[in-house]
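> My structure file run_27.pdb, PDB, C-alpha atoms, is below:
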ATOM      1  CA  MET A   1     -12.872   3.329  -2.503  1.00  0.00           C
ATOM      2  CA  LEU A   2     -11.024   6.328  -3.860  1.00  0.00           C
ATOM      3  CA  ALA A   3      -9.843   9.135  -1.606  1.00  0.00           C
ATOM      4  CA  ALA A   4     -12.536  11.383  -3.055  1.00  0.00           C
ATOM      5  CA  GLU A   5     -15.116   8.909  -1.721  1.00  0.00           C
ATOM      6  CA  VAL A   6     -13.879   9.311   1.868  1.00  0.00           C
ATOM      7  CA  PRO A   7     -15.220  12.668   3.093  1.00  0.00           C
ATOM      8  CA  GLY A   8     -12.404  14.991   4.117  1.00  0.00           C
ATOM      9  CA  LEU A   9      -9.608  12.774   2.746  1.00  0.00           C
ATOM     10  CA  GLN A  10      -7.000  13.873   0.232  1.00  0.00           C
ATOM     11  CA  LEU A  11      -3.992  11.899  -0.978  1.00  0.00           C
ATOM     12  CA  VAL A  12      -1.261  14.461  -1.538  1.00  0.00           C
ATOM     13  CA  ARG A  13       2.138  14.233  -3.224  1.00  0.00           C
ATOM     14  CA  ILE A  14       5.154  14.275  -0.972  1.00  0.00           C
ATOM     15  CA  ASP A  15       7.558  17.157  -1.497  1.00  0.00           C
ATOM     16  CA  LYS A  16      10.036  19.234   0.501  1.00  0.00           C
ATOM     17  CA  SER A  17       7.214  21.150   2.177  1.00  0.00           C
ATOM     18  CA  ASN A  18       5.649  18.048   3.766  1.00  0.00           C
ATOM     19  CA  ILE A  19       8.439  15.435   3.930  1.00  0.00           C
ATOM     20  CA  LYS A  20       8.757  16.100   7.682  1.00  0.00           C
ATOM     21  CA  ASN A  21       5.182  14.831   8.065  1.00  0.00           C
ATOM     22  CA  LEU A  22       6.197  11.582   6.382  1.00  0.00           C
ATOM     23  CA  ARG A  23       9.099  11.276   8.832  1.00  0.00           C
ATOM     24  CA  LEU A  24       6.752  11.831  11.781  1.00  0.00           C
ATOM     25  CA  LEU A  25       4.189   9.325  10.496  1.00  0.00           C
ATOM     26  CA  ASN A  26       6.835   6.666   9.854  1.00  0.00           C
ATOM     27  CA  ALA A  27       8.259   7.168  13.354  1.00  0.00           C
ATOM     28  CA  SER A  28       4.775   7.044  14.932  1.00  0.00           C
ATOM     29  CA  ILE A  29       3.369   4.081  13.012  1.00  0.00           C
ATOM     30  CA  LEU A  30       6.227   1.801  12.026  1.00  0.00           C
ATOM     31  CA  PRO A  31       8.785   0.094  14.277  1.00  0.00           C
ATOM     32  CA  ILE A  32      11.657   0.716  11.850  1.00  0.00           C
ATOM     33  CA  HIS A  33      13.947   3.730  11.503  1.00  0.00           C
ATOM     34  CA  TYR A  34      14.234   4.986   7.927  1.00  0.00           C
ATOM     35  CA  THR A  35      17.434   6.629   6.721  1.00  0.00           C
ATOM     36  CA  ALA A  36      17.918   9.935   4.925  1.00  0.00           C
ATOM     37  CA  LYS A  37      18.447   7.923   1.736  1.00  0.00           C
ATOM     38  CA  PHE A  38      14.892   6.562   2.009  1.00  0.00           C
ATOM     39  CA  TYR A  39      13.463  10.097   2.178  1.00  0.00           C
ATOM     40  CA  GLN A  40      15.677  11.298  -0.679  1.00  0.00           C
ATOM     41  CA  ASN A  41      14.344   8.425  -2.798  1.00  0.00           C
ATOM     42  CA  VAL A  42      10.769   9.436  -1.975  1.00  0.00           C
ATOM     43  CA  LEU A  43      11.459  13.031  -3.025  1.00  0.00           C
ATOM     44  CA  GLN A  44      13.126  11.893  -6.260  1.00  0.00           C
ATOM     45  CA  ASN A  45      10.098   9.758  -7.200  1.00  0.00           C
ATOM     46  CA  PRO A  46       7.087  11.868  -6.184  1.00  0.00           C
ATOM     47  CA  ASP A  47       4.580   9.912  -8.291  1.00  0.00           C
ATOM     48  CA  LEU A  48       5.154   6.775  -6.212  1.00  0.00           C
ATOM     49  CA  SER A  49       4.158   8.036  -2.765  1.00  0.00           C
ATOM     50  CA  ARG A  50       1.303   9.855  -1.042  1.00  0.00           C
ATOM     51  CA  LEU A  51       0.385  11.313   2.318  1.00  0.00           C
ATOM     52  CA  ALA A  52      -3.176  10.902   3.571  1.00  0.00           C
ATOM     53  CA  LEU A  53      -4.497  14.270   4.656  1.00  0.00           C
ATOM     54  CA  TRP A  54      -7.800  13.897   6.507  1.00  0.00           C
ATOM     55  CA  ASN A  55      -9.579  17.070   7.599  1.00  0.00           C
ATOM     56  CA  GLU A  56      -6.278  18.986   7.297  1.00  0.00           C
ATOM     57  CA  LYS A  57      -4.324  16.482   9.457  1.00  0.00           C
ATOM     58  CA  TYR A  58      -1.670  14.083   8.144  1.00  0.00           C
ATOM     59  CA  VAL A  59      -2.863  10.648   9.246  1.00  0.00           C
ATOM     60  CA  GLY A  60      -1.284   8.096   6.886  1.00  0.00           C
ATOM     61  CA  MET A  61       1.204   7.433   4.138  1.00  0.00           C
ATOM     62  CA  VAL A  62       2.269   5.084   1.401  1.00  0.00           C
ATOM     63  CA  CYS A  63       5.690   4.957  -0.259  1.00  0.00           C
ATOM     64  CA  CYS A  64       6.485   2.674  -3.168  1.00  0.00           C
ATOM     65  CA  LYS A  65       9.233   1.907  -5.621  1.00  0.00           C
ATOM     66  CA  ILE A  66       9.149   0.133  -8.949  1.00  0.00           C
ATOM     67  CA  ASP A  67      11.807  -2.331 -10.008  1.00  0.00           C
ATOM     68  CA  SER A  68      11.327  -3.571 -13.549  1.00  0.00           C
ATOM     69  CA  ASP A  69       7.696  -4.723 -13.619  1.00  0.00           C
ATOM     70  CA  VAL A  70       7.163  -5.135  -9.867  1.00  0.00           C
ATOM     71  CA  LEU A  71       5.807  -2.436  -7.572  1.00  0.00           C
ATOM     72  CA  TYR A  72       7.143  -2.724  -4.027  1.00  0.00           C
ATOM     73  CA  ILE A  73       5.314  -1.131  -1.090  1.00  0.00           C
ATOM     74  CA  MET A  74       8.079   0.214   1.148  1.00  0.00           C
ATOM     75  CA  THR A  75       5.706   1.696   3.740  1.00  0.00           C
ATOM     76  CA  LEU A  76       1.950   1.942   4.156  1.00  0.00           C
ATOM     77  CA  GLY A  77       0.300   2.944   7.374  1.00  0.00           C
ATOM     78  CA  CYS A  78      -2.318   4.967   9.194  1.00  0.00           C
ATOM     79  CA  LEU A  79      -2.320   6.414  12.702  1.00  0.00           C
ATOM     80  CA  VAL A  80      -4.191   4.163  15.137  1.00  0.00           C
ATOM     81  CA  LEU A  81      -6.924   6.714  15.902  1.00  0.00           C
ATOM     82  CA  TYR A  82      -7.762   6.981  12.185  1.00  0.00           C
ATOM     83  CA  ARG A  83      -7.969   3.301  11.325  1.00  0.00           C
ATOM     84  CA  ARG A  84     -11.234   1.708  10.214  1.00  0.00           C
ATOM     85  CA  LYS A  85     -12.148   4.874   8.306  1.00  0.00           C
ATOM     86  CA  LYS A  86     -11.123   3.543   4.847  1.00  0.00           C
ATOM     87  CA  ILE A  87      -7.930   5.625   4.818  1.00  0.00           C
ATOM     88  CA  GLY A  88      -5.713   2.536   4.447  1.00  0.00           C
ATOM     89  CA  THR A  89      -8.061   1.286   1.738  1.00  0.00           C
ATOM     90  CA  SER A  90      -7.672   4.571  -0.117  1.00  0.00           C
ATOM     91  CA  LEU A  91      -3.890   4.372   0.165  1.00  0.00           C
ATOM     92  CA  LEU A  92      -3.876   0.798  -1.110  1.00  0.00           C
ATOM     93  CA  ASN A  93      -6.221   1.723  -3.955  1.00  0.00           C
ATOM     94  CA  PHE A  94      -3.674   4.374  -4.943  1.00  0.00           C
ATOM     95  CA  VAL A  95      -1.074   1.572  -5.095  1.00  0.00           C
ATOM     96  CA  LEU A  96      -3.343  -0.676  -7.177  1.00  0.00           C
ATOM     97  CA  GLU A  97      -4.094   2.137  -9.638  1.00  0.00           C
ATOM     98  CA  LEU A  98      -0.392   3.024  -9.830  1.00  0.00           C
ATOM     99  CA  SER A  99       0.596  -0.571 -10.533  1.00  0.00           C
ATOM    100  CA  ARG A 100      -1.951  -0.775 -13.356  1.00  0.00           C
ATOM    101  CA  ALA A 101      -0.779   2.532 -14.837  1.00  0.00           C
ATOM    102  CA  GLU A 102       2.838   1.322 -14.726  1.00  0.00           C
ATOM    103  CA  ASN A 103       1.892  -2.104 -16.182  1.00  0.00           C
ATOM    104  CA  CYS A 104       3.348  -3.943 -13.203  1.00  0.00           C
ATOM    105  CA  ARG A 105       2.930  -7.706 -13.148  1.00  0.00           C
ATOM    106  CA  ALA A 106       2.886  -7.864  -9.337  1.00  0.00           C
ATOM    107  CA  ILE A 107       2.917  -5.932  -6.083  1.00  0.00           C
ATOM    108  CA  HIS A 108       5.264  -7.044  -3.288  1.00  0.00           C
ATOM    109  CA  LEU A 109       5.750  -6.056   0.340  1.00  0.00           C
ATOM    110  CA  HIS A 110       7.071  -7.358   3.627  1.00  0.00           C
ATOM    111  CA  VAL A 111       5.118  -7.436   6.884  1.00  0.00           C
ATOM    112  CA  HIS A 112       6.363  -8.257  10.374  1.00  0.00           C
ATOM    113  CA  SER A 113       5.246 -11.761  11.300  1.00  0.00           C
ATOM    114  CA  SER A 114       3.383 -10.566  14.399  1.00  0.00           C
ATOM    115  CA  ASN A 115       1.303  -8.015  12.464  1.00  0.00           C
ATOM    116  CA  ASP A 116      -1.790 -10.155  11.901  1.00  0.00           C
ATOM    117  CA  GLU A 117      -3.966  -7.084  11.335  1.00  0.00           C
ATOM    118  CA  ALA A 118      -1.825  -5.984   8.383  1.00  0.00           C
ATOM    119  CA  VAL A 119      -1.748  -9.479   6.870  1.00  0.00           C
ATOM    120  CA  GLN A 120      -5.556  -9.698   7.072  1.00  0.00           C
ATOM    121  CA  PHE A 121      -5.876  -6.231   5.526  1.00  0.00           C
ATOM    122  CA  TYR A 122      -3.710  -7.154   2.539  1.00  0.00           C
ATOM    123  CA  GLU A 123      -5.376 -10.545   2.101  1.00  0.00           C
ATOM    124  CA  LYS A 124      -8.729  -8.768   1.664  1.00  0.00           C
ATOM    125  CA  PHE A 125      -7.183  -7.140  -1.412  1.00  0.00           C
ATOM    126  CA  GLY A 126      -5.900 -10.321  -3.002  1.00  0.00           C
ATOM    127  CA  PHE A 127      -2.424 -10.484  -1.481  1.00  0.00           C
ATOM    128  CA  SER A 128      -1.086 -13.771  -0.181  1.00  0.00           C
ATOM    129  CA  VAL A 129       1.853 -14.778   1.971  1.00  0.00           C
ATOM    130  CA  LYS A 130       4.451 -16.318  -0.330  1.00  0.00           C
ATOM    131  CA  GLU A 131       7.359 -16.779   2.037  1.00  0.00           C
ATOM    132  CA  THR A 132       8.353 -16.610   5.698  1.00  0.00           C
ATOM    133  CA  ILE A 133      11.816 -15.083   6.086  1.00  0.00           C
ATOM    134  CA  GLU A 134      13.773 -15.613   9.293  1.00  0.00           C
ATOM    135  CA  ASN A 135      15.943 -12.695  10.476  1.00  0.00           C
ATOM    136  CA  TYR A 136      14.367 -10.263   8.005  1.00  0.00           C
ATOM    137  CA  TYR A 137      13.792  -7.652  10.733  1.00  0.00           C
ATOM    138  CA  ARG A 138      17.140  -7.594  12.556  1.00  0.00           C
ATOM    139  CA  TYR A 139      16.076  -5.153  15.286  1.00  0.00           C
ATOM    140  CA  LEU A 140      12.573  -6.471  16.008  1.00  0.00           C
ATOM    141  CA  LYS A 141      11.427  -9.419  18.072  1.00  0.00           C
ATOM    142  CA  PRO A 142      10.556 -11.771  16.566  1.00  0.00           C
ATOM    143  CA  THR A 143      12.853 -11.120  13.614  1.00  0.00           C
ATOM    144  CA  THR A 144      10.623 -12.989  11.163  1.00  0.00           C
ATOM    145  CA  GLY A 145       9.154 -11.224   8.155  1.00  0.00           C
ATOM    146  CA  LEU A 146       6.426 -12.308   5.769  1.00  0.00           C
ATOM    147  CA  PHE A 147       6.742 -11.722   2.039  1.00  0.00           C
ATOM    148  CA  LEU A 148       3.364 -10.905   0.457  1.00  0.00           C
ATOM    149  CA  GLU A 149       2.464 -10.717  -3.201  1.00  0.00           C
ATOM    150  CA  ARG A 150      -0.478  -9.817  -5.362  1.00  0.00           C
ATOM    151  CA  SER A 151      -0.412 -10.688  -9.027  1.00  0.00           C
ATOM    152  CA  MET A 152      -1.613  -7.926 -11.330  1.00  0.00           C
ATOM    153  CA  ILE A 153      -1.785 -10.173 -14.386  1.00  0.00           C
ATOM    154  CA  SER A 154      -5.393 -10.748 -15.315  1.00  0.00           C
ATOM    155  CA  ASN A 155      -6.095 -14.192 -16.741  1.00  0.00           C
ATOM    156  CA  CYS A 156      -9.729 -13.458 -17.545  1.00  0.00           C
ATOM    157  CA  ASP A 157     -10.629 -12.549 -13.990  1.00  0.00           C
ATOM    158  CA  GLU A 158     -14.240 -13.477 -13.400  1.00  0.00           C
ATOM    159  CA  LYS A 159     -14.959  -9.979 -12.107  1.00  0.00           C
ATOM    160  CA  ASP A 160     -13.606  -8.424 -15.294  1.00  0.00           C
ATOM    161  CA  SER A 161     -15.085 -10.826 -17.819  1.00  0.00           C
ATOM    162  CA  MET A 162     -18.383 -12.008 -16.371  1.00  0.00           C
ATOM    163  CA  PRO A 163     -21.478  -9.810 -16.256  1.00  0.00           C
ATOM    164  CA  GLU A 164     -23.116  -9.418 -12.840  1.00  0.00           C
ATOM    165  CA  ASN A 165     -26.071 -11.394 -14.116  1.00  0.00           C
ATOM    166  CA  PRO A 166     -24.854 -14.208 -16.407  1.00  0.00           C
ATOM    167  CA  GLU A 167     -28.393 -14.751 -17.672  1.00  0.00           C
ATOM    168  CA  ALA A 168     -28.355 -11.194 -19.034  1.00  0.00           C
ATOM    169  CA  VAL A 169     -26.072 -12.338 -21.850  1.00  0.00           C
ATOM    170  CA  SER A 170     -28.747 -14.604 -23.280  1.00  0.00           C
ATOM    171  CA  ALA A 171     -31.332 -11.839 -22.979  1.00  0.00           C
ATOM    172  CA  ILE A 172     -29.505  -9.710 -25.566  1.00  0.00           C
ATOM    173  CA  PRO A 173     -31.426  -9.822 -28.871  1.00  0.00           C
ATOM    174  CA  GLY A 174     -29.674 -11.854 -31.528  1.00  0.00           C
ATOM    175  CA  LYS A 175     -27.511 -13.767 -29.047  1.00  0.00           C
TER     176      LYS A 175
END
Write the structure described by the file as structure tokens, please.

Amino acid sequence: MLAAEVPGLQLVRIDKSNIKNLRLLNASILPIHYTAKFYQNVLQNPDLSRLALWNEKYVGMVCCKIDSDVLYIMTLGCLVLYRRKKIGTSLLNFVLELSRAENCRAIHLHVHSSNDEAVQFYEKFGFSVKETIENYYRYLKPTTGLFLERSMISNCDEKDSMPENPEAVSAIPGK
């Protein structure tokens, strides 16, 4: 579902005029403190991040970076009161579209091991847990992080190559 399909939702570029909103969202949603360097990186790469603006209120964010042919989701989140409204889905769809446009072979991210809701969310979109990393989150309890990945390489995905009705192929004249 694209942002345009969620009434009242816009995904806006992050710039100097709204970077403070990203800081506030990160502090409200995520249990990690992000440094000034993180925010400088976001401002230097404005095509890789978005704020979710729903009915004129900043309610979510996504920040990514690309290393070679892998897109890494640094942060993605939505305020608790605005979850289950497809805002996170819209943010993740932005990531998927970005990874295709940049010809990335995979998308990676880390999730705290106790965040079952996030793991389930990403699994719905084809991500899988590839590794459990002890002491990944030094200042959280537990300290365990999960490394998730989604491959973006299409090896004749059934969705992409098969018609909705396989019998329709034989109904084409001359086939």
> Rounded to one decimal, what separation in Å do you get between atom CA of A:Leu81 and atom CA of A:Cys64?
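Rounded to one decimal, the two atoms are 23.7 Å apart.
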> Leaving out A:Ala106 and any residue of its chain fewer than 2 positions from it, which residues lie within 12 Å of it when counting only C-alpha atoms, given as a count of residues only?
28
> Report as a PyMOL selection string the full result of the PyMOL selection byres ((chain A and resi 48) around 9) when it is applied to this structure.
chain A and resi 13+42+45-47+49-50+62-66+95+98
> Determine, counting all atoms listed in the file, which protein, DNA and RNA residues have an atom within 9 Å of an atom of A:Thr144; residues of the same chain fewer than 4 positions away are not included. Present the result as a short mmCIF file (atom, residue, chain, number, x, y, z; two decimals) with C-alpha atoms, in the coordinates of the input.

data_model
loop_
_atom_site.label_atom_id
_atom_site.label_comp_id
_atom_site.auth_asym_id
_atom_site.auth_seq_id
_atom_site.Cartn_x
_atom_site.Cartn_y
_atom_site.Cartn_z
CA VAL A 111 5.12 -7.44 6.88
CA HIS A 112 6.36 -8.26 10.37
CA SER A 113 5.25 -11.76 11.30
CA SER A 114 3.38 -10.57 14.40
CA THR A 132 8.35 -16.61 5.70
CA ILE A 133 11.82 -15.08 6.09
CA GLU A 134 13.77 -15.61 9.29
CA ASN A 135 15.94 -12.70 10.48
CA TYR A 136 14.37 -10.26 8.01
CA TYR A 137 13.79 -7.65 10.73
CA ARG A 138 17.14 -7.59 12.56
CA LEU A 140 12.57 -6.47 16.01
#
> Report the distance between atom CA of A:Ile19 and atom CA of A:Glu56 in Å, rounded to one decimal place.
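About the pair atom CA of A:Ile19 and atom CA of A:Glu56: they are 15.5 Å apart.
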> Using the chain letters and numbers from this file, what does the PyMOL selection byres ((chain A and resi 23) around 10) select? Give the answer as an NGL selection string.
:A and (18-22 or 24-28 or 33-36 or 39 or 61)
> Figure out the distance between atom CA of A:Val6 and atom CA of A:Lys57, please, to one decimal in Å.
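For atom CA of A:Lys57 relative to atom CA of A:Val6, the distance reads 14.2 Å.
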> Please determine, counting only C-alpha atoms, which residue among A:Phe147, A:Tyr139, A:Tyr122, A:Phe38 has the shortest atom-to-atom distance to A:Leu76.
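Looking only at the distances to A:Leu76, the closest residue turns out to be A:Tyr122.
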